[in-house]
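Below is my_file-v2.cif, which holds mmCIF, C-alpha atoms.
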```cif
data_work
#
loop_
_atom_site.label_atom_id
_atom_site.label_comp_id
_atom_site.auth_asym_id
_atom_site.auth_seq_id
_atom_site.Cartn_x
_atom_site.Cartn_y
_atom_site.Cartn_z
CA MET A 3 -12.62 53.40 -39.79
CA LYS A 4 -16.13 54.13 -41.10
CA PHE A 5 -17.12 50.69 -39.88
CA LEU A 6 -15.85 51.36 -36.35
CA THR A 7 -17.42 54.81 -35.98
CA ALA A 8 -20.77 53.50 -37.26
CA LEU A 9 -20.51 50.56 -34.84
CA LEU A 10 -19.87 53.00 -31.97
CA ALA A 11 -22.85 55.15 -33.00
CA GLY A 12 -25.04 52.05 -33.24
CA LEU A 13 -23.92 50.83 -29.80
CA LEU A 14 -24.83 54.21 -28.25
CA PHE A 15 -28.19 54.19 -30.04
CA GLY A 16 -28.91 50.55 -29.12
CA SER A 17 -27.94 51.10 -25.46
CA GLY A 18 -30.26 54.09 -25.38
CA LEU A 19 -33.17 52.06 -26.77
CA LEU A 20 -32.56 49.35 -24.17
CA ILE A 21 -32.21 51.71 -21.16
CA SER A 22 -35.16 53.87 -22.22
CA GLY A 23 -37.59 50.94 -22.03
CA MET A 24 -38.70 51.54 -25.63
CA LEU A 25 -37.81 48.01 -26.71
CA ASP A 26 -40.92 46.80 -24.88
CA PRO A 27 -43.93 47.32 -27.18
CA ALA A 28 -46.08 47.72 -24.03
CA ASN A 29 -44.31 51.03 -23.28
CA VAL A 30 -44.71 52.30 -26.86
CA LEU A 31 -48.39 51.34 -27.09
CA GLY A 32 -48.87 52.73 -23.58
CA PHE A 33 -47.69 56.12 -24.88
CA LEU A 34 -49.91 55.94 -27.97
CA ASP A 35 -52.97 55.06 -25.86
CA PHE A 36 -54.01 58.58 -24.81
CA PHE A 37 -57.37 57.28 -23.59
CA GLY A 38 -56.04 54.37 -21.52
CA ALA A 39 -53.39 54.14 -18.78
CA TRP A 40 -51.10 56.67 -20.46
CA ARG A 41 -47.34 56.09 -20.22
CA PRO A 42 -45.49 59.32 -21.09
CA GLN A 43 -41.94 57.86 -21.28
CA LEU A 44 -41.71 57.98 -25.08
CA ALA A 45 -42.03 61.78 -25.02
CA LEU A 46 -39.06 62.01 -22.62
CA VAL A 47 -37.03 59.62 -24.81
CA LEU A 48 -37.75 61.61 -27.97
CA GLY A 49 -37.21 64.95 -26.23
CA GLY A 50 -33.93 63.84 -24.66
CA ALA A 51 -32.67 62.47 -27.99
CA VAL A 52 -33.57 65.60 -29.98
CA ILE A 53 -31.95 67.96 -27.43
CA VAL A 54 -28.69 65.98 -27.46
CA ALA A 55 -28.59 65.53 -31.27
CA ALA A 56 -29.60 69.09 -32.21
CA PRO A 57 -26.20 70.78 -31.61
CA ALA A 58 -24.52 68.20 -33.86
CA PHE A 59 -26.99 68.96 -36.66
CA LEU A 60 -26.57 72.71 -36.19
CA TYR A 61 -22.78 72.33 -36.35
CA VAL A 62 -22.75 70.12 -39.45
CA ARG A 63 -25.40 72.18 -41.25
CA SER A 64 -23.58 75.47 -40.69
CA ARG A 65 -20.24 74.08 -41.93
CA GLY A 66 -21.50 71.67 -44.59
CA ARG A 67 -18.91 69.29 -43.17
CA ASN A 68 -18.73 66.71 -40.39
CA ALA A 69 -16.25 66.75 -37.47
CA LEU A 70 -13.61 65.07 -39.66
CA GLY A 71 -13.88 67.79 -42.32
CA GLU A 72 -15.70 65.61 -44.86
CA ALA A 73 -18.46 67.20 -46.95
CA VAL A 74 -21.97 66.30 -45.75
CA ASP A 75 -25.14 66.76 -47.75
CA LEU A 76 -28.03 66.94 -45.29
CA PRO A 77 -31.51 66.05 -46.62
CA ASP A 78 -33.88 68.68 -47.99
CA ARG A 79 -35.80 70.07 -45.01
CA ARG A 80 -38.80 71.64 -46.67
CA ARG A 81 -40.40 69.62 -49.50
CA ILE A 82 -43.76 68.27 -48.29
CA ASP A 83 -45.69 65.99 -50.65
CA LEU A 84 -48.29 63.24 -50.66
CA ALA A 85 -45.68 60.46 -50.45
CA LEU A 86 -44.26 61.97 -47.25
CA VAL A 87 -47.59 62.39 -45.46
CA GLY A 88 -49.25 59.27 -46.89
CA GLY A 89 -46.20 57.14 -46.12
CA ALA A 90 -46.02 58.51 -42.57
CA VAL A 91 -49.72 57.79 -41.98
CA VAL A 92 -49.33 54.19 -43.26
CA PHE A 93 -46.23 53.73 -41.09
CA GLY A 94 -48.13 55.02 -38.06
CA VAL A 95 -50.92 52.45 -38.52
CA GLY A 96 -48.36 49.61 -38.57
CA TRP A 97 -46.52 51.10 -35.59
CA GLY A 98 -49.80 51.40 -33.69
CA LEU A 99 -50.71 47.76 -34.44
CA ALA A 100 -47.40 46.30 -33.24
CA GLY A 101 -45.77 48.92 -30.99
CA ILE A 102 -42.53 48.19 -32.84
CA CYS A 103 -40.71 50.48 -35.29
CA PRO A 104 -37.61 49.53 -37.33
CA GLY A 105 -34.90 50.34 -34.72
CA PRO A 106 -36.43 48.41 -31.82
CA GLY A 107 -37.46 45.70 -34.32
CA ILE A 108 -33.82 45.01 -35.15
CA ALA A 109 -32.82 45.01 -31.47
CA LEU A 110 -35.75 42.71 -30.59
CA LEU A 111 -34.49 40.04 -33.02
CA SER A 112 -32.13 39.25 -30.12
CA THR A 113 -35.09 37.81 -28.18
CA GLY A 114 -35.44 35.02 -30.76
CA GLN A 115 -39.23 35.50 -30.72
CA PRO A 116 -40.70 34.14 -34.00
CA LEU A 117 -43.31 36.94 -34.08
CA VAL A 118 -40.53 39.56 -34.15
CA PHE A 119 -38.90 37.75 -37.08
CA ALA A 120 -42.25 37.65 -38.88
CA PHE A 121 -42.71 41.37 -38.25
CA MET A 122 -39.22 42.32 -39.47
CA GLY A 123 -39.48 39.99 -42.47
CA ALA A 124 -42.67 41.81 -43.43
CA VAL A 125 -40.95 45.20 -42.92
CA VAL A 126 -38.22 44.27 -45.39
CA ALA A 127 -40.83 42.85 -47.81
CA GLY A 128 -42.82 46.09 -47.62
CA MET A 129 -39.67 48.12 -48.30
CA ALA A 130 -38.82 45.89 -51.26
CA ILE A 131 -42.34 46.29 -52.72
CA VAL A 132 -42.02 50.11 -52.72
CA PHE A 133 -38.48 49.90 -54.09
CA LEU A 134 -39.53 47.60 -56.97
CA LEU A 135 -42.65 49.65 -57.79
CA ARG A 136 -40.61 52.86 -57.90
CA ARG A 137 -37.99 51.25 -60.12
CA ALA A 138 -40.67 49.87 -62.45
CA ARG A 139 -42.22 53.32 -62.75
CA ALA A 140 -38.83 54.96 -63.42
CA ASP A 141 -38.05 52.53 -66.29
CA MET B 4 -44.63 56.44 -14.70
CA THR B 5 -42.30 56.10 -11.70
CA SER B 6 -39.40 58.54 -11.28
CA ASN B 7 -37.07 55.63 -12.01
CA GLU B 8 -38.81 55.05 -15.37
CA ALA B 9 -38.62 58.76 -16.13
CA TRP B 10 -34.86 58.90 -15.52
CA HIS B 11 -34.33 55.79 -17.64
CA ALA B 12 -36.37 57.37 -20.43
CA LEU B 13 -34.36 60.61 -20.31
CA ALA B 14 -30.98 58.87 -20.06
CA GLY B 15 -31.89 56.42 -22.84
CA GLY B 16 -33.11 59.28 -25.00
CA ALA B 17 -29.85 61.17 -24.41
CA LEU B 18 -27.89 58.08 -25.51
CA ILE B 19 -30.04 57.74 -28.64
CA GLY B 20 -29.29 61.40 -29.37
CA ALA B 21 -25.59 60.82 -28.73
CA GLY B 22 -25.59 57.88 -31.16
CA SER B 23 -27.34 60.00 -33.80
CA ALA B 24 -24.86 62.83 -33.20
CA ALA B 25 -21.90 60.43 -33.46
CA LEU B 26 -23.07 58.99 -36.78
CA LEU B 27 -23.54 62.49 -38.18
CA LEU B 28 -20.27 63.92 -36.83
CA LEU B 29 -18.05 60.92 -37.68
CA ASN B 30 -19.75 59.33 -40.71
CA GLY B 31 -21.72 62.26 -42.09
CA ARG B 32 -24.83 60.06 -42.11
CA ILE B 33 -28.37 60.30 -40.74
CA ALA B 34 -29.24 57.70 -38.08
CA GLY B 35 -32.56 56.77 -39.67
CA VAL B 36 -33.03 53.06 -39.16
CA SER B 37 -35.62 52.50 -41.91
CA GLY B 38 -33.39 54.33 -44.41
CA ILE B 39 -30.31 52.38 -43.35
CA LEU B 40 -32.19 49.08 -43.54
CA GLY B 41 -33.90 49.95 -46.84
CA ASN B 42 -30.70 51.10 -48.48
CA LEU B 43 -28.76 48.07 -47.30
CA VAL B 44 -30.19 45.89 -50.05
CA GLN B 45 -29.74 48.53 -52.75
CA ALA B 46 -26.25 49.75 -51.84
CA THR B 47 -22.97 48.81 -53.49
CA PHE B 48 -20.69 46.52 -51.50
CA GLY B 49 -18.40 49.26 -50.15
CA GLU B 50 -21.38 51.32 -48.99
CA GLN B 51 -22.87 48.45 -47.03
CA ALA B 52 -20.18 48.23 -44.34
CA TRP B 53 -21.16 51.25 -42.24
CA ARG B 54 -24.85 50.36 -42.47
CA LEU B 55 -24.21 46.80 -41.26
CA ALA B 56 -21.98 48.14 -38.48
CA PHE B 57 -24.62 50.58 -37.24
CA LEU B 58 -27.35 47.93 -37.25
CA LEU B 59 -25.01 45.48 -35.48
CA GLY B 60 -24.38 48.10 -32.79
CA LEU B 61 -28.13 48.62 -32.46
CA PHE B 62 -28.67 44.89 -31.97
CA LEU B 63 -25.80 43.99 -29.60
CA PRO B 64 -26.83 45.74 -26.33
CA ALA B 65 -30.21 43.97 -26.34
CA LEU B 66 -28.49 40.65 -27.11
CA VAL B 67 -25.89 41.04 -24.34
CA PHE B 68 -28.08 42.45 -21.58
CA GLY B 69 -31.46 41.06 -22.67
CA ALA B 70 -34.54 43.09 -23.55
CA GLU B 71 -37.59 42.90 -21.31
CA VAL B 72 -40.62 42.31 -23.51
CA THR B 73 -44.07 42.08 -21.94
CA LEU B 74 -46.17 42.35 -25.10
CA LEU B 75 -45.86 41.01 -28.66
CA PRO B 76 -48.05 41.12 -31.81
CA ARG B 77 -51.15 38.95 -31.22
CA ASN B 78 -50.45 36.39 -33.94
CA TRP B 79 -48.63 35.79 -37.23
CA ALA B 80 -51.14 37.69 -39.38
CA TRP B 81 -51.08 40.67 -36.99
CA ALA B 82 -47.26 40.78 -37.09
CA ALA B 83 -47.16 40.40 -40.89
CA VAL B 84 -49.74 43.12 -41.61
CA ALA B 85 -48.14 45.54 -39.12
CA GLY B 86 -44.68 44.87 -40.55
CA LEU B 87 -45.83 45.34 -44.15
CA LEU B 88 -47.41 48.70 -43.27
CA VAL B 89 -44.23 49.79 -41.47
CA GLY B 90 -42.05 48.74 -44.43
CA VAL B 91 -44.23 50.35 -47.11
CA GLY B 92 -44.90 53.49 -45.06
CA THR B 93 -41.31 54.20 -44.09
CA GLN B 94 -40.07 53.75 -47.67
CA LEU B 95 -42.81 55.98 -49.11
CA GLY B 96 -42.46 58.57 -46.36
CA SER B 97 -38.63 58.43 -46.34
CA GLY B 98 -38.24 57.76 -42.63
CA CYS B 99 -39.44 56.43 -39.30
CA THR B 100 -39.24 57.40 -35.62
CA SER B 101 -35.43 57.71 -35.75
CA GLY B 102 -34.96 59.43 -39.12
CA HIS B 103 -37.88 61.88 -38.95
CA GLY B 104 -38.54 61.80 -35.20
CA VAL B 105 -35.05 62.11 -33.73
CA CYS B 106 -32.76 63.31 -36.54
CA GLY B 107 -35.30 65.33 -38.52
CA LEU B 108 -36.55 67.26 -35.51
CA ALA B 109 -32.95 67.82 -34.34
CA ASN B 110 -32.26 69.22 -37.83
CA LEU B 111 -35.26 71.60 -37.42
CA SER B 112 -36.82 70.09 -40.54
CA THR B 113 -40.39 71.17 -41.35
CA ARG B 114 -40.71 68.07 -43.49
CA SER B 115 -39.82 65.76 -40.61
CA LEU B 116 -42.11 67.64 -38.21
CA VAL B 117 -45.03 67.06 -40.61
CA ALA B 118 -44.06 63.37 -40.98
CA THR B 119 -43.69 62.90 -37.21
CA LEU B 120 -47.04 64.52 -36.42
CA SER B 121 -48.64 62.41 -39.19
CA PHE B 122 -47.38 59.04 -37.97
CA MET B 123 -48.02 59.91 -34.32
CA ALA B 124 -51.61 60.86 -35.18
CA SER B 125 -52.33 57.72 -37.22
CA ALA B 126 -50.70 55.54 -34.55
CA VAL B 127 -52.81 57.13 -31.78
CA VAL B 128 -55.99 56.58 -33.84
CA THR B 129 -54.95 52.96 -34.54
CA VAL B 130 -54.34 52.22 -30.86
CA PHE B 131 -57.64 53.89 -29.95
CA VAL B 132 -59.54 51.70 -32.42
CA VAL B 133 -57.75 48.54 -31.27
CA ASN B 134 -58.13 49.22 -27.52
CA HIS B 135 -61.38 51.16 -27.26
CA GLY B 136 -63.08 50.78 -30.64
CA ALA B 137 -66.32 49.00 -31.42
CA PRO B 138 -66.09 45.19 -30.98
#
```
Rewrite the coordinates I just gave you, this time as structure tokens.
Amino acid sequence: MKFLTALLAGLLFGSGLLISGMLDPANVLGFLDFFGAWRPQLALVLGGAVIVAAPAFLYVRSRGRNALGEAVDLPDRRRIDLALVGGAVVFGVGWGLAGICPGPGIALLSTGQPLVFAFMGAVVAGMAIVFLLRRARAD
Amino acid sequence: MTSNEAWHALAGGALIGAGSAALLLLNGRIAGVSGILGNLVQATFGEQAWRLAFLLGLFLPALVFGAEVTLLPRNWAWAAVAGLLVGVGTQLGSGCTSGHGVCGLANLSTRSLVATLSFMASAVVTVFVVNHGAP
């Protein structure tokens, strides 16, 4: 059951990425290039997604439960620290270099392009480095 | 941007929002791709199923209908450095465009707003340097 609902959610999300044009790094980098031939689509994609998702978050947050009545613990919304901002800045540099973030990266593996596999391999390696460093520090 | 591109962007965005809403309403989970991917390797076997299913769903539409790609990282080193920064940054900062950008903003999270503005700003500066910076 959890498998099927997550598959459905992923199919909606993946269809949205495909239709929106955001799988093409040219459209993402075109948005980020304020001083070139600016392509505003990404703002419409993000805006459309937030407006549709917001009622679901409001509903779950006010009840503390999802639509099936199961308890849901939403993430802390306020704590701002160096890891958050520093991590986001580092992520943005990588995103700006490639025009690919993790969601589109997974979908783009379907193209079979070796450069996409190299990119996503490095993403997982970067995640693993932080995970191992954090675990080493916790020990 | 043509009006056709604008409608595709809005409709695609709405579908991304619907997928995020569905995962929250039915699974009680946040549709943050970097978190789902990062936790996949650390999770216990029973907890992996929904993550794999979501990522499979993310992948299938592009596989079935084909994604139009007109630009790729310049070379292997470019792809590897960009990917490493994305992996390290999203783990440190607890999210990417989907987790902070879509879900966090929809959850009216101050934390995610700060993260989103931060990665947007550094990405804009990066693209400026790459496209218009000194040779």
Leaving out range 102-110 of chain B and any residue of its chain fewer than 6 positions from it, which residues lie within 10 Å of it when counting all atoms listed in the file, given as a ChimeraX atom specification? /A:47-60,62-63,76-77,79,90 /B:16,19-20,23-24,27,33-39,93,96,116-120,122-123
Restricted to C-alpha atoms, what would the selected residues look like written as a PDB file, in the coordinates of the input?
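Here's the written file again22.pdb:
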```
ATOM      1  CA  VAL A  47     -37.030  59.620 -24.810  1.00  0.00           C
ATOM      2  CA  LEU A  48     -37.750  61.610 -27.970  1.00  0.00           C
ATOM      3  CA  GLY A  49     -37.210  64.950 -26.230  1.00  0.00           C
ATOM      4  CA  GLY A  50     -33.930  63.840 -24.660  1.00  0.00           C
ATOM      5  CA  ALA A  51     -32.670  62.470 -27.990  1.00  0.00           C
ATOM      6  CA  VAL A  52     -33.570  65.600 -29.980  1.00  0.00           C
ATOM      7  CA  ILE A  53     -31.950  67.960 -27.430  1.00  0.00           C
ATOM      8  CA  VAL A  54     -28.690  65.980 -27.460  1.00  0.00           C
ATOM      9  CA  ALA A  55     -28.590  65.530 -31.270  1.00  0.00           C
ATOM     10  CA  ALA A  56     -29.600  69.090 -32.210  1.00  0.00           C
ATOM     11  CA  PRO A  57     -26.200  70.780 -31.610  1.00  0.00           C
ATOM     12  CA  ALA A  58     -24.520  68.200 -33.860  1.00  0.00           C
ATOM     13  CA  PHE A  59     -26.990  68.960 -36.660  1.00  0.00           C
ATOM     14  CA  LEU A  60     -26.570  72.710 -36.190  1.00  0.00           C
ATOM     15  CA  VAL A  62     -22.750  70.120 -39.450  1.00  0.00           C
ATOM     16  CA  ARG A  63     -25.400  72.180 -41.250  1.00  0.00           C
ATOM     17  CA  LEU A  76     -28.030  66.940 -45.290  1.00  0.00           C
ATOM     18  CA  PRO A  77     -31.510  66.050 -46.620  1.00  0.00           C
ATOM     19  CA  ARG A  79     -35.800  70.070 -45.010  1.00  0.00           C
ATOM     20  CA  ALA A  90     -46.020  58.510 -42.570  1.00  0.00           C
TER      21      ALA A  90
ATOM     22  CA  GLY B  16     -33.110  59.280 -25.000  1.00  0.00           C
ATOM     23  CA  ILE B  19     -30.040  57.740 -28.640  1.00  0.00           C
ATOM     24  CA  GLY B  20     -29.290  61.400 -29.370  1.00  0.00           C
ATOM     25  CA  SER B  23     -27.340  60.000 -33.800  1.00  0.00           C
ATOM     26  CA  ALA B  24     -24.860  62.830 -33.200  1.00  0.00           C
ATOM     27  CA  LEU B  27     -23.540  62.490 -38.180  1.00  0.00           C
ATOM     28  CA  ILE B  33     -28.370  60.300 -40.740  1.00  0.00           C
ATOM     29  CA  ALA B  34     -29.240  57.700 -38.080  1.00  0.00           C
ATOM     30  CA  GLY B  35     -32.560  56.770 -39.670  1.00  0.00           C
ATOM     31  CA  VAL B  36     -33.030  53.060 -39.160  1.00  0.00           C
ATOM     32  CA  SER B  37     -35.620  52.500 -41.910  1.00  0.00           C
ATOM     33  CA  GLY B  38     -33.390  54.330 -44.410  1.00  0.00           C
ATOM     34  CA  ILE B  39     -30.310  52.380 -43.350  1.00  0.00           C
ATOM     35  CA  THR B  93     -41.310  54.200 -44.090  1.00  0.00           C
ATOM     36  CA  GLY B  96     -42.460  58.570 -46.360  1.00  0.00           C
ATOM     37  CA  LEU B 116     -42.110  67.640 -38.210  1.00  0.00           C
ATOM     38  CA  VAL B 117     -45.030  67.060 -40.610  1.00  0.00           C
ATOM     39  CA  ALA B 118     -44.060  63.370 -40.980  1.00  0.00           C
ATOM     40  CA  THR B 119     -43.690  62.900 -37.210  1.00  0.00           C
ATOM     41  CA  LEU B 120     -47.040  64.520 -36.420  1.00  0.00           C
ATOM     42  CA  PHE B 122     -47.380  59.040 -37.970  1.00  0.00           C
ATOM     43  CA  MET B 123     -48.020  59.910 -34.320  1.00  0.00           C
TER      44      MET B 123
END
```
Å distance separating CA of Leu95 in chain B from CA of Leu26 in chain B, one decimal place: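 We find that CA of Leu95 in chain B and CA of Leu26 in chain B lie 23.5 Å from each other.
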With only C-alpha atoms as the atoms that count, which of B:Ser115, B:Gly98, B:Ser6, B:Gly22 lies nearest to chain A?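 Closest candidate: B:Gly22.
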Go through B:Leu29, B:Ala83, B:Ala21, B:Leu13 one by one, measure the shortest atom-to-atom distance of each to Lys4 in chain A using only C-alpha atoms, and give the residue with the smallest value.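 Among B:Leu29, B:Ala83, B:Ala21, B:Leu13, it is B:Leu29 that comes nearest to Lys4 in chain A.
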Expansion of the PyMOL selection byres ((chain A and resi 99-107) around 6) into residues, as number ranges by chain: A: 25, 27, 30-31, 96-98, 108-110; B: 36-37, 76, 85
Taking all atoms listed in the file into account, name the residue in A:Gly94, A:Asn68, A:Met3, A:Gly18 that is nearest to Leu34 in chain A.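 The shortest atom-to-atom distance to Leu34 in chain A comes from A:Gly94.
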Using only C-alpha atoms, which of the listed residues (B:Val72, B:Leu61, B:Glu50, B:Asn134) sits closest to Leu18 in chain B?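 Among the listed residues, B:Leu61 lies closest to Leu18 in chain B.
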Any idea what's packed within 12 Å of Thr113 in chain A, counting all atoms listed in the file, ignoring anything in its chain fewer than 2 positions away? Could you give it as a PyMOL selection string? (chain A and resi 25-26+106-111+115-119) or (chain B and resi 62-73+75)
Just the residues within 7 Å of Ala8 in chain A, please, counting all atoms listed in the file, with nothing from its chain fewer than 6 positions along; format it as a PDB file with C-alpha atoms, in the coordinates of the input.
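So the final result, stored in result_6.pdb, reads:
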```pdb
ATOM      1  CA  LEU B  26     -23.070  58.990 -36.780  1.00  0.00           C
ATOM      2  CA  ASN B  30     -19.750  59.330 -40.710  1.00  0.00           C
ATOM      3  CA  TRP B  53     -21.160  51.250 -42.240  1.00  0.00           C
ATOM      4  CA  ALA B  56     -21.980  48.140 -38.480  1.00  0.00           C
ATOM      5  CA  PHE B  57     -24.620  50.580 -37.240  1.00  0.00           C
TER       6      PHE B  57
END
```
Separation of CA of Arg41 in chain A from CA of Ala12 in chain B, in Å and rounded to one decimal: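 Distance reported for this atom pair: 11.0 Å.
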Closest of B:Arg77, B:Gly136, B:Ser125, B:Leu55 to chain A, counting all atoms listed in the file, is B:Ser125
What residues come out when you apply the PyMOL selection byres ((chain B and resi 94) around 12) to this file, written as a PyMOL selection string? (chain A and resi 85-93+104+125-136) or (chain B and resi 35-42+87-93+95-99+102)
What is the distance, in Å and to one decimal place, between CA of Ala9 in chain B and CA of Gln43 in chain A?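 Interatomic distance here is 6.2 Å.
Counting all atoms listed in the file, the residue from A:Leu6, A:Leu84, A:Leu13, A:Ala45 that sits nearest to chain B is A:Leu13.
Using all atoms listed in the file, the contacts of Ala73 in chain A at a cut-off of 8 Å, with sequence neighbours closer than 6 positions omitted, comprise A:Gly66, A:Arg67, B:Gly31.
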Please write the residues picked by the PyMOL selection byres ((chain A and resi 36) around 12) on this file as a PyMOL selection string. (chain A and resi 30-35+37-42) or (chain B and resi 123-124+126-132+134-135)
Given 6 Å of margin on each side, can you work out the centre and size in Å (one decimal) of an axis-aligned box holding every listed atom of range 54-62 of chain B, as lines of an AutoDock Vina configuration file?
```
center_x = -25.3
center_y = 47.7
center_z = -37.2
size_x = 18.7
size_y = 17.7
size_z = 22.5
```
